[in-house]
file entry15.cif (mmCIF, N, CA and C atoms and all ligand atoms)
data_final
loop_
_atom_site.label_atom_id
_atom_site.label_comp_id
_atom_site.auth_asym_id
_atom_site.auth_seq_id
_atom_site.Cartn_x
_atom_site.Cartn_y
_atom_site.Cartn_z
N MET A 1 18.97 93.61 -233.36
CA MET A 1 17.99 92.86 -234.14
C MET A 1 16.58 93.24 -233.69
N ILE A 2 15.67 93.36 -234.67
CA ILE A 2 14.29 93.74 -234.34
C ILE A 2 13.39 92.50 -234.40
N LEU A 3 12.58 92.34 -233.37
CA LEU A 3 11.56 91.29 -233.38
C LEU A 3 10.18 91.95 -233.33
N ASN A 4 9.26 91.45 -234.12
CA ASN A 4 7.87 91.92 -234.09
C ASN A 4 7.07 90.98 -233.20
N VAL A 5 6.65 91.50 -232.05
CA VAL A 5 5.94 90.65 -231.10
C VAL A 5 4.63 91.34 -230.70
N ASN A 6 3.55 90.65 -230.91
CA ASN A 6 2.22 91.15 -230.53
C ASN A 6 1.96 92.56 -231.06
N GLY A 7 2.40 92.78 -232.30
CA GLY A 7 2.12 94.05 -232.96
C GLY A 7 3.08 95.17 -232.64
N SER A 8 4.11 94.89 -231.82
CA SER A 8 5.10 95.92 -231.50
C SER A 8 6.49 95.46 -231.92
N ARG A 9 7.30 96.45 -232.29
CA ARG A 9 8.68 96.14 -232.68
C ARG A 9 9.58 96.26 -231.45
N HIS A 10 10.47 95.30 -231.27
CA HIS A 10 11.36 95.31 -230.11
C HIS A 10 12.80 95.12 -230.59
N GLU A 11 13.66 96.00 -230.11
CA GLU A 11 15.09 95.83 -230.39
C GLU A 11 15.66 94.91 -229.30
N VAL A 12 16.25 93.82 -229.70
CA VAL A 12 16.77 92.85 -228.73
C VAL A 12 18.14 92.36 -229.17
N LYS A 13 18.88 91.88 -228.18
CA LYS A 13 20.14 91.18 -228.49
C LYS A 13 19.77 89.73 -228.72
N ALA A 14 19.68 89.36 -229.97
CA ALA A 14 19.07 88.07 -230.28
C ALA A 14 20.05 87.02 -230.79
N GLU A 15 21.31 87.41 -231.05
CA GLU A 15 22.21 86.49 -231.71
C GLU A 15 22.40 85.21 -230.90
N ALA A 16 22.19 84.08 -231.56
CA ALA A 16 22.39 82.75 -230.98
C ALA A 16 21.59 82.54 -229.70
N ARG A 17 20.43 83.15 -229.65
CA ARG A 17 19.57 82.94 -228.48
C ARG A 17 18.22 82.37 -228.93
N MET A 18 17.65 81.58 -228.04
CA MET A 18 16.35 81.00 -228.35
C MET A 18 15.25 82.06 -228.15
N LEU A 19 14.24 81.99 -228.99
CA LEU A 19 13.14 82.95 -228.90
C LEU A 19 12.49 82.89 -227.51
N LEU A 20 12.33 81.70 -226.95
CA LEU A 20 11.71 81.57 -225.62
C LEU A 20 12.43 82.42 -224.59
N ASP A 21 13.75 82.38 -224.59
CA ASP A 21 14.52 83.13 -223.59
C ASP A 21 14.34 84.64 -223.78
N ILE A 22 14.30 85.08 -225.02
CA ILE A 22 14.12 86.52 -225.27
C ILE A 22 12.74 86.97 -224.82
N LEU A 23 11.73 86.17 -225.14
CA LEU A 23 10.36 86.54 -224.74
C LEU A 23 10.27 86.67 -223.22
N ARG A 24 10.79 85.68 -222.51
CA ARG A 24 10.63 85.65 -221.06
C ARG A 24 11.58 86.62 -220.34
N GLU A 25 12.84 86.62 -220.77
CA GLU A 25 13.85 87.36 -220.01
C GLU A 25 13.96 88.82 -220.43
N ASP A 26 13.84 89.10 -221.71
CA ASP A 26 14.03 90.47 -222.19
C ASP A 26 12.71 91.23 -222.28
N LEU A 27 11.66 90.56 -222.74
CA LEU A 27 10.39 91.24 -222.97
C LEU A 27 9.38 90.99 -221.86
N ASN A 28 9.76 90.17 -220.88
CA ASN A 28 8.90 89.88 -219.72
C ASN A 28 7.55 89.29 -220.13
N LEU A 29 7.53 88.57 -221.23
CA LEU A 29 6.31 87.90 -221.68
C LEU A 29 6.34 86.47 -221.13
N VAL A 30 6.06 86.36 -219.84
CA VAL A 30 6.27 85.09 -219.14
C VAL A 30 5.07 84.14 -219.26
N GLY A 31 4.07 84.56 -220.04
CA GLY A 31 2.98 83.63 -220.34
C GLY A 31 3.45 82.49 -221.21
N THR A 32 4.53 82.69 -221.93
CA THR A 32 5.13 81.61 -222.71
C THR A 32 5.97 80.78 -221.75
N LYS A 33 5.59 79.52 -221.57
CA LYS A 33 6.19 78.69 -220.51
C LYS A 33 7.31 77.81 -221.04
N GLU A 34 8.25 77.50 -220.17
CA GLU A 34 9.26 76.51 -220.50
C GLU A 34 8.93 75.22 -219.78
N GLY A 35 8.77 74.16 -220.57
CA GLY A 35 8.54 72.84 -220.00
C GLY A 35 9.77 71.99 -220.22
N CYS A 36 9.73 71.21 -221.30
CA CYS A 36 10.84 70.28 -221.57
C CYS A 36 12.10 70.99 -222.04
N GLY A 37 11.94 72.09 -222.76
CA GLY A 37 13.10 72.82 -223.30
C GLY A 37 13.70 72.19 -224.54
N VAL A 38 13.09 71.12 -225.04
CA VAL A 38 13.66 70.43 -226.21
C VAL A 38 12.62 70.14 -227.30
N GLY A 39 11.58 70.95 -227.34
CA GLY A 39 10.63 70.83 -228.45
C GLY A 39 9.66 69.68 -228.36
N MET A 40 9.42 69.17 -227.15
CA MET A 40 8.58 67.97 -227.04
C MET A 40 7.24 68.19 -226.34
N CYS A 41 7.03 69.32 -225.66
CA CYS A 41 5.83 69.41 -224.81
C CYS A 41 4.83 70.49 -225.23
N GLY A 42 5.25 71.45 -225.99
CA GLY A 42 4.33 72.49 -226.48
C GLY A 42 4.05 73.62 -225.50
N ALA A 43 4.62 73.58 -224.30
CA ALA A 43 4.34 74.64 -223.32
C ALA A 43 4.81 76.00 -223.81
N CYS A 44 5.82 76.01 -224.64
CA CYS A 44 6.43 77.27 -225.10
C CYS A 44 5.91 77.72 -226.46
N THR A 45 4.78 77.17 -226.89
CA THR A 45 4.26 77.47 -228.22
C THR A 45 3.94 78.95 -228.39
N VAL A 46 4.37 79.49 -229.51
CA VAL A 46 3.95 80.82 -229.95
C VAL A 46 3.51 80.69 -231.40
N LEU A 47 2.83 81.71 -231.91
CA LEU A 47 2.49 81.73 -233.33
C LEU A 47 3.52 82.56 -234.07
N VAL A 48 4.00 82.05 -235.18
CA VAL A 48 4.90 82.78 -236.07
C VAL A 48 4.18 82.87 -237.41
N ASP A 49 3.79 84.09 -237.78
CA ASP A 49 2.94 84.28 -238.96
C ASP A 49 1.76 83.33 -238.93
N GLY A 50 1.20 83.17 -237.75
CA GLY A 50 -0.04 82.39 -237.60
C GLY A 50 0.13 80.90 -237.42
N LYS A 51 1.35 80.40 -237.51
CA LYS A 51 1.58 78.95 -237.37
C LYS A 51 2.23 78.67 -236.01
N PRO A 52 1.89 77.55 -235.38
CA PRO A 52 2.44 77.27 -234.06
C PRO A 52 3.87 76.71 -234.13
N PHE A 53 4.72 77.24 -233.29
CA PHE A 53 6.11 76.77 -233.20
C PHE A 53 6.53 76.72 -231.73
N SER A 54 7.42 75.79 -231.43
CA SER A 54 8.00 75.72 -230.09
C SER A 54 9.10 76.77 -229.99
N SER A 55 8.91 77.77 -229.14
CA SER A 55 9.88 78.86 -229.08
C SER A 55 11.18 78.45 -228.40
N CYS A 56 11.17 77.31 -227.70
CA CYS A 56 12.42 76.81 -227.10
C CYS A 56 13.33 76.21 -228.15
N HIS A 57 12.79 76.02 -229.33
CA HIS A 57 13.51 75.29 -230.38
C HIS A 57 13.75 76.17 -231.58
N LEU A 58 13.58 77.49 -231.37
CA LEU A 58 13.61 78.42 -232.48
C LEU A 58 14.64 79.50 -232.17
N LEU A 59 15.64 79.63 -232.99
CA LEU A 59 16.58 80.74 -232.81
C LEU A 59 15.90 82.03 -233.22
N ALA A 60 16.19 83.09 -232.48
CA ALA A 60 15.54 84.37 -232.78
C ALA A 60 15.84 84.81 -234.21
N GLU A 61 17.02 84.50 -234.71
CA GLU A 61 17.35 84.89 -236.09
C GLU A 61 16.37 84.29 -237.10
N GLN A 62 15.76 83.17 -236.73
CA GLN A 62 14.85 82.51 -237.67
C GLN A 62 13.51 83.24 -237.80
N VAL A 63 13.24 84.15 -236.88
CA VAL A 63 11.90 84.78 -236.89
C VAL A 63 11.96 86.29 -237.07
N THR A 64 13.12 86.83 -237.39
CA THR A 64 13.17 88.27 -237.66
C THR A 64 12.34 88.54 -238.93
N GLY A 65 11.58 89.64 -238.89
CA GLY A 65 10.73 89.97 -240.04
C GLY A 65 9.41 89.24 -240.04
N LYS A 66 9.21 88.34 -239.09
CA LYS A 66 7.93 87.62 -239.01
C LYS A 66 7.12 88.17 -237.83
N GLU A 67 5.84 87.90 -237.85
CA GLU A 67 4.97 88.39 -236.76
C GLU A 67 4.82 87.28 -235.72
N ILE A 68 5.26 87.59 -234.51
CA ILE A 68 5.20 86.62 -233.41
C ILE A 68 4.03 86.99 -232.51
N THR A 69 3.24 85.99 -232.16
CA THR A 69 2.12 86.23 -231.24
C THR A 69 2.27 85.32 -230.04
N THR A 70 2.22 85.94 -228.85
CA THR A 70 2.24 85.17 -227.61
C THR A 70 0.86 85.28 -226.96
N ILE A 71 0.69 84.58 -225.87
CA ILE A 71 -0.60 84.58 -225.18
C ILE A 71 -0.99 86.00 -224.75
N GLU A 72 0.01 86.83 -224.47
CA GLU A 72 -0.28 88.20 -224.03
C GLU A 72 -0.87 89.05 -225.15
N GLY A 73 -0.73 88.60 -226.39
CA GLY A 73 -1.16 89.40 -227.52
C GLY A 73 -2.57 89.08 -228.01
N LEU A 74 -3.31 88.28 -227.26
CA LEU A 74 -4.60 87.80 -227.78
C LEU A 74 -5.80 88.64 -227.40
N SER A 75 -5.81 89.19 -226.20
CA SER A 75 -7.03 89.90 -225.76
C SER A 75 -7.13 91.23 -226.50
N ARG A 76 -8.36 91.69 -226.65
CA ARG A 76 -8.63 92.97 -227.33
C ARG A 76 -9.54 93.81 -226.45
N ASP A 77 -9.12 95.04 -226.15
CA ASP A 77 -9.96 95.96 -225.37
C ASP A 77 -10.45 95.32 -224.08
N GLY A 78 -9.57 94.55 -223.44
CA GLY A 78 -9.94 93.93 -222.17
C GLY A 78 -10.77 92.68 -222.29
N ASN A 79 -11.05 92.26 -223.52
CA ASN A 79 -11.83 91.04 -223.72
C ASN A 79 -10.92 89.89 -224.14
N LEU A 80 -11.15 88.73 -223.52
CA LEU A 80 -10.37 87.56 -223.89
C LEU A 80 -10.66 87.16 -225.33
N HIS A 81 -9.68 86.55 -225.97
CA HIS A 81 -9.90 85.93 -227.27
C HIS A 81 -10.93 84.81 -227.08
N PRO A 82 -11.78 84.54 -228.08
CA PRO A 82 -12.79 83.49 -227.93
C PRO A 82 -12.21 82.14 -227.50
N VAL A 83 -11.02 81.82 -227.95
CA VAL A 83 -10.44 80.52 -227.53
C VAL A 83 -10.07 80.57 -226.05
N GLN A 84 -9.52 81.70 -225.59
CA GLN A 84 -9.25 81.83 -224.15
C GLN A 84 -10.56 81.69 -223.36
N GLN A 85 -11.60 82.36 -223.86
CA GLN A 85 -12.89 82.32 -223.15
C GLN A 85 -13.44 80.90 -223.09
N ALA A 86 -13.29 80.18 -224.19
CA ALA A 86 -13.80 78.80 -224.22
C ALA A 86 -13.04 77.92 -223.23
N PHE A 87 -11.72 78.09 -223.12
CA PHE A 87 -10.94 77.31 -222.14
C PHE A 87 -11.40 77.63 -220.72
N LEU A 88 -11.70 78.91 -220.50
CA LEU A 88 -12.18 79.31 -219.17
C LEU A 88 -13.56 78.71 -218.91
N ASP A 89 -14.45 78.84 -219.88
CA ASP A 89 -15.83 78.36 -219.71
C ASP A 89 -15.88 76.85 -219.46
N LYS A 90 -15.00 76.13 -220.12
CA LYS A 90 -15.03 74.66 -220.02
C LYS A 90 -14.09 74.14 -218.93
N GLY A 91 -13.44 75.04 -218.21
CA GLY A 91 -12.51 74.58 -217.16
C GLY A 91 -11.44 73.66 -217.73
N ALA A 92 -10.84 74.08 -218.85
CA ALA A 92 -9.93 73.21 -219.58
C ALA A 92 -8.50 73.28 -219.06
N PHE A 93 -8.34 73.31 -217.77
CA PHE A 93 -7.00 73.34 -217.16
C PHE A 93 -7.14 73.03 -215.67
N GLN A 94 -6.00 72.66 -215.10
CA GLN A 94 -5.91 72.54 -213.63
C GLN A 94 -4.83 73.52 -213.17
N CYS A 95 -3.55 73.18 -213.37
CA CYS A 95 -2.50 74.13 -213.00
C CYS A 95 -2.34 75.25 -214.03
N ALA A 96 -2.76 74.98 -215.27
CA ALA A 96 -2.76 75.95 -216.38
C ALA A 96 -1.37 76.21 -216.98
N TYR A 97 -0.37 75.44 -216.56
CA TYR A 97 0.97 75.66 -217.13
C TYR A 97 0.98 75.43 -218.64
N CYS A 98 0.21 74.47 -219.08
CA CYS A 98 0.18 74.11 -220.50
C CYS A 98 -0.76 75.00 -221.31
N THR A 99 -1.60 75.78 -220.63
CA THR A 99 -2.74 76.43 -221.30
C THR A 99 -2.33 77.44 -222.39
N PRO A 100 -1.35 78.32 -222.16
CA PRO A 100 -1.00 79.24 -223.25
C PRO A 100 -0.65 78.50 -224.54
N GLY A 101 0.10 77.43 -224.43
CA GLY A 101 0.47 76.66 -225.62
C GLY A 101 -0.73 76.03 -226.28
N PHE A 102 -1.62 75.46 -225.48
CA PHE A 102 -2.84 74.87 -226.05
C PHE A 102 -3.70 75.92 -226.74
N VAL A 103 -3.84 77.08 -226.10
CA VAL A 103 -4.69 78.14 -226.67
C VAL A 103 -4.13 78.59 -228.03
N LEU A 104 -2.83 78.82 -228.09
CA LEU A 104 -2.24 79.31 -229.33
C LEU A 104 -2.30 78.24 -230.42
N THR A 105 -2.07 77.00 -230.07
CA THR A 105 -2.17 75.93 -231.07
C THR A 105 -3.61 75.80 -231.56
N THR A 106 -4.56 75.96 -230.65
CA THR A 106 -5.98 75.90 -231.05
C THR A 106 -6.33 77.01 -232.02
N ILE A 107 -5.81 78.20 -231.78
CA ILE A 107 -6.08 79.31 -232.71
C ILE A 107 -5.56 78.97 -234.11
N ALA A 108 -4.36 78.41 -234.15
CA ALA A 108 -3.80 78.03 -235.45
C ALA A 108 -4.67 76.96 -236.12
N LEU A 109 -5.10 75.99 -235.32
CA LEU A 109 -5.97 74.93 -235.86
C LEU A 109 -7.23 75.53 -236.46
N LEU A 110 -7.91 76.39 -235.71
CA LEU A 110 -9.20 76.90 -236.17
C LEU A 110 -9.04 77.86 -237.35
N ASN A 111 -7.87 78.50 -237.46
CA ASN A 111 -7.62 79.30 -238.66
C ASN A 111 -7.53 78.43 -239.90
N GLU A 112 -6.94 77.23 -239.71
CA GLU A 112 -6.79 76.31 -240.84
C GLU A 112 -8.07 75.53 -241.11
N ASN A 113 -8.75 75.17 -240.03
CA ASN A 113 -9.88 74.26 -240.12
C ASN A 113 -10.93 74.70 -239.09
N PRO A 114 -11.89 75.53 -239.51
CA PRO A 114 -12.82 76.13 -238.54
C PRO A 114 -13.75 75.12 -237.87
N SER A 115 -13.95 73.96 -238.46
CA SER A 115 -14.87 72.97 -237.87
C SER A 115 -14.19 71.60 -237.78
N PRO A 116 -13.19 71.48 -236.96
CA PRO A 116 -12.45 70.21 -236.92
C PRO A 116 -13.26 69.11 -236.21
N SER A 117 -13.03 67.88 -236.63
CA SER A 117 -13.60 66.72 -235.94
C SER A 117 -12.81 66.47 -234.66
N ASP A 118 -13.33 65.61 -233.81
CA ASP A 118 -12.60 65.27 -232.58
C ASP A 118 -11.22 64.72 -232.91
N ASN A 119 -11.16 63.85 -233.89
CA ASN A 119 -9.86 63.27 -234.25
C ASN A 119 -8.90 64.30 -234.82
N GLU A 120 -9.45 65.24 -235.59
CA GLU A 120 -8.59 66.30 -236.14
C GLU A 120 -8.06 67.19 -235.01
N ILE A 121 -8.90 67.44 -234.01
CA ILE A 121 -8.44 68.23 -232.86
C ILE A 121 -7.32 67.47 -232.14
N ARG A 122 -7.55 66.20 -231.86
CA ARG A 122 -6.53 65.40 -231.13
C ARG A 122 -5.22 65.38 -231.91
N GLU A 123 -5.33 65.19 -233.21
CA GLU A 123 -4.13 65.11 -234.05
C GLU A 123 -3.36 66.44 -234.03
N TYR A 124 -4.08 67.55 -234.21
CA TYR A 124 -3.41 68.85 -234.31
C TYR A 124 -2.78 69.24 -232.98
N LEU A 125 -3.44 68.86 -231.89
CA LEU A 125 -2.93 69.23 -230.56
C LEU A 125 -1.99 68.18 -229.98
N SER A 126 -1.62 67.20 -230.77
CA SER A 126 -0.85 66.07 -230.21
C SER A 126 0.54 66.49 -229.74
N GLY A 127 1.03 67.63 -230.20
CA GLY A 127 2.35 68.10 -229.74
C GLY A 127 2.29 68.89 -228.45
N ASN A 128 1.09 69.09 -227.93
CA ASN A 128 0.92 69.82 -226.66
C ASN A 128 0.57 68.80 -225.58
N LEU A 129 1.33 68.80 -224.52
CA LEU A 129 1.11 67.85 -223.43
C LEU A 129 0.55 68.56 -222.21
N CYS A 130 -0.34 67.87 -221.51
CA CYS A 130 -0.91 68.39 -220.27
C CYS A 130 -0.64 67.38 -219.16
N ARG A 131 0.24 67.74 -218.27
CA ARG A 131 0.59 66.82 -217.18
C ARG A 131 -0.57 66.59 -216.23
N CYS A 132 -1.50 67.54 -216.18
CA CYS A 132 -2.65 67.40 -215.29
C CYS A 132 -3.73 66.53 -215.91
N GLY A 133 -3.58 66.18 -217.17
CA GLY A 133 -4.55 65.29 -217.80
C GLY A 133 -5.90 65.94 -218.06
N SER A 134 -5.90 67.21 -218.45
CA SER A 134 -7.16 67.92 -218.70
C SER A 134 -7.66 67.72 -220.12
N TYR A 135 -7.24 66.65 -220.76
CA TYR A 135 -7.49 66.52 -222.20
C TYR A 135 -8.97 66.54 -222.57
N GLN A 136 -9.81 65.91 -221.75
CA GLN A 136 -11.23 65.85 -222.11
C GLN A 136 -11.85 67.25 -222.12
N ASN A 137 -11.53 68.04 -221.13
CA ASN A 137 -12.07 69.40 -221.09
C ASN A 137 -11.45 70.28 -222.17
N ILE A 138 -10.18 70.03 -222.47
CA ILE A 138 -9.54 70.78 -223.56
C ILE A 138 -10.27 70.49 -224.88
N LEU A 139 -10.59 69.23 -225.11
CA LEU A 139 -11.33 68.87 -226.32
C LEU A 139 -12.67 69.60 -226.37
N GLN A 140 -13.35 69.64 -225.25
CA GLN A 140 -14.64 70.35 -225.20
C GLN A 140 -14.45 71.84 -225.45
N ALA A 141 -13.38 72.40 -224.92
CA ALA A 141 -13.11 73.83 -225.12
C ALA A 141 -12.84 74.14 -226.59
N VAL A 142 -12.07 73.30 -227.23
CA VAL A 142 -11.77 73.55 -228.65
C VAL A 142 -13.05 73.48 -229.47
N LYS A 143 -13.90 72.51 -229.15
CA LYS A 143 -15.17 72.39 -229.88
C LYS A 143 -16.05 73.62 -229.63
N ALA A 144 -16.09 74.08 -228.39
CA ALA A 144 -16.88 75.27 -228.07
C ALA A 144 -16.31 76.49 -228.80
N ALA A 145 -14.99 76.59 -228.84
CA ALA A 145 -14.36 77.74 -229.52
C ALA A 145 -14.67 77.71 -231.01
N SER A 146 -14.71 76.53 -231.59
CA SER A 146 -14.98 76.44 -233.03
C SER A 146 -16.39 76.95 -233.33
N GLU A 147 -17.28 76.90 -232.36
CA GLU A 147 -18.64 77.41 -232.59
C GLU A 147 -18.73 78.91 -232.32
N MET A 148 -17.73 79.46 -231.58
CA MET A 148 -17.75 80.88 -231.25
C MET A 148 -17.06 81.74 -232.31
N ILE A 149 -16.14 81.12 -233.05
CA ILE A 149 -15.32 81.92 -233.98
C ILE A 149 -16.00 82.04 -235.34
S1 LIG E 1 9.46 73.84 -223.56
FE1 LIG E 1 9.40 74.04 -225.68
S2 LIG E 1 8.43 72.24 -226.40
FE2 LIG E 1 8.65 71.93 -224.26
S1 LIG E 2 -3.40 72.02 -216.71
FE1 LIG E 2 -1.59 71.48 -215.67
S2 LIG E 2 -0.24 70.86 -217.25
FE2 LIG E 2 -2.12 71.16 -218.26
#

call {"tool": "encode", "arguments": {"input": "entry15.cif", "output": "structure tokens"}}
result
Amino acid sequence: MILNVNGSRHEVKAEARMLLDILREDLNLVGTKEGCGVGMCGACTVLVDGKPFSSCHLLAEQVTGKEITTIEGLSRDGNLHPVQQAFLDKGAFQCAYCTPGFVLTTIALLNENPSPSDNEIREYLSGNLCRCGSYQNILQAVKAASEMI
């Protein structure tokens, strides 16, 4: 089975396997994190054709033929994606375990709604949890990113 990940095609043994496991174990894309493992925390978020999905809850068969983007696929020519840069600038993390998921969900949000209100940001990111409680800085980072994009 072929998966399209970060602009490259990968032949993988994907039958009855979760996308998260293939990304981490077969493709060594370990920026995609496993938290709850049951679709509740957002740590494993990836973009599938630009929309955020929990990769722990997605069978690889469901995403063949689609474009998958992980945190490793965001930088260009050594430059961070503007959303990554905004998270860095605003110190929007402590342990950073949740950060890849937040960054990818933020990109999806800003693609849909380039100037979200605070409440729209909170609502869209409500499926991403941060155990370190960095929510205030994350909110500031998303707002800063919306002005950079
Ligand atoms: S690890 Fe996938 S949603 Fe928590
Ligand atoms: S920064 Fe630690 S879980 Fe969010």

call {"tool": "atom_distance", "arguments": {"input": "entry15.cif", "atom1": "atom CA of Ser55 of chain A", "atom2": "atom CA of Pro116 of chain A"}}
result
25.2 Å

call {"tool": "residues_around", "arguments": {"input": "entry15.cif", "residues": "Leu125 of chain A", "least_positions_apart": "6", "cutoff": "8 Å", "atoms": "all atoms listed in the file", "output": "VMD selection string"}}
result
chain A and resid 102 105 to 106 109 119

call {"tool": "closest_residue", "arguments": {"input": "entry15.cif", "among": "A:Gln62, A:Asn28, A:Thr70, A:Thr45", "to": "ligand LIG 1 (chain E)", "atoms": "all atoms listed in the file"}}
result
A:Thr45

call {"tool": "residues_around", "arguments": {"input": "entry15.cif", "residues": "Asp49 of chain A", "least_positions_apart": "5", "cutoff": "9 Å", "atoms": "only C-alpha atoms", "output": "PyMOL selection string"}}
result
chain A and resi 66-69

call {"tool": "atom_distance", "arguments": {"input": "entry15.cif", "atom1": "atom CA of Tyr97 of chain A", "atom2": "atom FE2 of ligand LIG 2 (chain E)"}}
result
5.6 Å

call {"tool": "select_by_dssp", "arguments": {"input": "entry15.cif", "residues": "segment 4-127 of chain A", "states": "strand (DSSP E or B)", "output": "PyMOL selection string"}}
result
chain A and resi 4-5+8-11+18+45-48+51-54+59+67-69+76+79

call {"tool": "closest_atom_pairs", "arguments": {"input": "entry15.cif", "of": "chain A", "to": "ligand LIG 2 (chain E)", "cutoff": "7 Å", "atoms": "all atoms listed in the file", "output": "JSON lines"}}
result
{"residue": "A:Ala92", "atom": "C", "partner": "E:LIG2", "partner_atom": "S1", "distance": 5.8}
{"residue": "A:Phe93", "atom": "CA", "partner": "E:LIG2", "partner_atom": "S1", "distance": 3.9}
{"residue": "A:Gln94", "atom": "N", "partner": "E:LIG2", "partner_atom": "S1", "distance": 3.1}
{"residue": "A:Cys95", "atom": "N", "partner": "E:LIG2", "partner_atom": "FE1", "distance": 3.5}
{"residue": "A:Ala96", "atom": "N", "partner": "E:LIG2", "partner_atom": "S1", "distance": 3.4}
{"residue": "A:Tyr97", "atom": "N", "partner": "E:LIG2", "partner_atom": "FE1", "distance": 4.2}
{"residue": "A:Cys98", "atom": "N", "partner": "E:LIG2", "partner_atom": "S2", "distance": 4.1}
{"residue": "A:Thr99", "atom": "N", "partner": "E:LIG2", "partner_atom": "FE2", "distance": 5.2}
{"residue": "A:Leu129", "atom": "C", "partner": "E:LIG2", "partner_atom": "FE2", "distance": 5.4}
{"residue": "A:Cys130", "atom": "CA", "partner": "E:LIG2", "partner_atom": "FE2", "distance": 3.6}
{"residue": "A:Arg131", "atom": "N", "partner": "E:LIG2", "partner_atom": "S2", "distance": 3.3}
{"residue": "A:Cys132", "atom": "N", "partner": "E:LIG2", "partner_atom": "S2", "distance": 3.7}
{"residue": "A:Gly133", "atom": "N", "partner": "E:LIG2", "partner_atom": "FE2", "distance": 5.3}
{"residue": "A:Ser134", "atom": "N", "partner": "E:LIG2", "partner_atom": "FE2", "distance": 5.5}

call {"tool": "residues_near_ligand", "arguments": {"input": "entry15.cif", "ligand": "ligand LIG 1 (chain E)", "cutoff": "6.5 Å", "atoms": "only N, CA and C atoms and all ligand atoms", "output": "NGL selection string"}}
result
:A and (33-45 or 54-57)

call {"tool": "atom_distance", "arguments": {"input": "entry15.cif", "atom1": "atom C of Ala14 of chain A", "atom2": "atom CA of Lys51 of chain A"}}
result
21.2 Å

call {"tool": "closest_atom_pairs", "arguments": {"input": "entry15.cif", "of": "segment 16-85 of chain A", "to": "segment 136-142 of chain A", "cutoff": "12 Å", "atoms": "only C-alpha atoms", "output": "tab-separated table"}}
result
residue	atom	partner	partner_atom	distance
A:Pro82	CA	A:Val142	CA	10.0
A:Val83	CA	A:Val142	CA	7.2
A:Gln84	CA	A:Ala141	CA	8.9
A:Gln85	CA	A:Ala141	CA	8.7

call {"tool": "axis_aligned_box", "arguments": {"input": "entry15.cif", "around": "segment 72-86 of chain A", "padding_each_side": "5 Å", "output": "lines of an AutoDock Vina configuration file"}}
result
center_x = -6.9
center_y = 86.9
center_z = -225.1
size_x = 23.8
size_y = 28.0
size_z = 15.9

call {"tool": "closest_residue", "arguments": {"input": "entry15.cif", "among": "A:Pro52, A:Gly91, A:Gly31, A:Gly7", "to": "Ala108 of chain A", "atoms": "only C-alpha atoms"}}
result
A:Pro52

call {"tool": "residues_around", "arguments": {"input": "entry15.cif", "residues": "Glu15 of chain A", "least_positions_apart": "5", "cutoff": "8 Å", "atoms": "only N, CA and C atoms", "output": "list in words"}}
result
Met1, Leu59, Ala60 and Glu61 of chain A

call {"tool": "residues_around", "arguments": {"input": "entry15.cif", "residues": "Pro114 of chain A", "least_positions_apart": "6", "cutoff": "8 Å", "atoms": "all atoms listed in the file", "output": "VMD selection string"}}
result
chain A and resid 145 to 147 149

call {"tool": "select_by_dssp", "arguments": {"input": "entry15.cif", "residues": "chain A", "states": "alpha helix (DSSP H)", "output": "VMD selection string"}}
result
chain A and resid 19 to 21 82 to 89 99 to 112 118 to 124 135 to 148

call {"tool": "decode", "arguments": {"input": "entry15.cif", "residues": "segment 94-105 of chain A", "atoms": "N, CA and C atoms", "output": "PDB file, in the first residue's frame"}}
result
ATOM      1  N   GLN A  94       5.638  23.935  27.232  1.00  0.00           N
ATOM      2  CA  GLN A  94       6.598  23.653  28.313  1.00  0.00           C
ATOM      3  C   GLN A  94       7.339  22.368  27.933  1.00  0.00           C
ATOM      4  N   CYS A  95       6.691  21.208  28.075  1.00  0.00           N
ATOM      5  CA  CYS A  95       7.365  19.974  27.649  1.00  0.00           C
ATOM      6  C   CYS A  95       7.316  19.788  26.134  1.00  0.00           C
ATOM      7  N   ALA A  96       6.340  20.423  25.476  1.00  0.00           N
ATOM      8  CA  ALA A  96       6.172  20.420  24.013  1.00  0.00           C
ATOM      9  C   ALA A  96       5.615  19.114  23.447  1.00  0.00           C
ATOM     10  N   TYR A  97       5.194  18.198  24.323  1.00  0.00           N
ATOM     11  CA  TYR A  97       4.641  16.937  23.802  1.00  0.00           C
ATOM     12  C   TYR A  97       3.392  17.184  22.945  1.00  0.00           C
ATOM     13  N   CYS A  98       2.611  18.162  23.342  1.00  0.00           N
ATOM     14  CA  CYS A  98       1.358  18.454  22.633  1.00  0.00           C
ATOM     15  C   CYS A  98       1.562  19.336  21.410  1.00  0.00           C
ATOM     16  N   THR A  99       2.749  19.939  21.281  1.00  0.00           N
ATOM     17  CA  THR A  99       2.943  21.035  20.330  1.00  0.00           C
ATOM     18  C   THR A  99       2.731  20.635  18.862  1.00  0.00           C
ATOM     19  N   PRO A 100       3.261  19.505  18.386  1.00  0.00           N
ATOM     20  CA  PRO A 100       3.006  19.168  16.982  1.00  0.00           C
ATOM     21  C   PRO A 100       1.509  19.131  16.656  1.00  0.00           C
ATOM     22  N   GLY A 101       0.726  18.559  17.538  1.00  0.00           N
ATOM     23  CA  GLY A 101      -0.715  18.495  17.304  1.00  0.00           C
ATOM     24  C   GLY A 101      -1.351  19.870  17.291  1.00  0.00           C
ATOM     25  N   PHE A 102      -0.950  20.713  18.236  1.00  0.00           N
ATOM     26  CA  PHE A 102      -1.495  22.076  18.255  1.00  0.00           C
ATOM     27  C   PHE A 102      -1.105  22.843  16.996  1.00  0.00           C
ATOM     28  N   VAL A 103       0.143  22.705  16.572  1.00  0.00           N
ATOM     29  CA  VAL A 103       0.613  23.446  15.392  1.00  0.00           C
ATOM     30  C   VAL A 103      -0.186  23.019  14.153  1.00  0.00           C
ATOM     31  N   LEU A 104      -0.358  21.721  13.971  1.00  0.00           N
ATOM     32  CA  LEU A 104      -1.067  21.247  12.781  1.00  0.00           C
ATOM     33  C   LEU A 104      -2.542  21.639  12.825  1.00  0.00           C
ATOM     34  N   THR A 105      -3.155  21.567  13.984  1.00  0.00           N
ATOM     35  CA  THR A 105      -4.560  21.983  14.086  1.00  0.00           C
ATOM     36  C   THR A 105      -4.680  23.483  13.823  1.00  0.00           C
TER      37      THR A 105
END
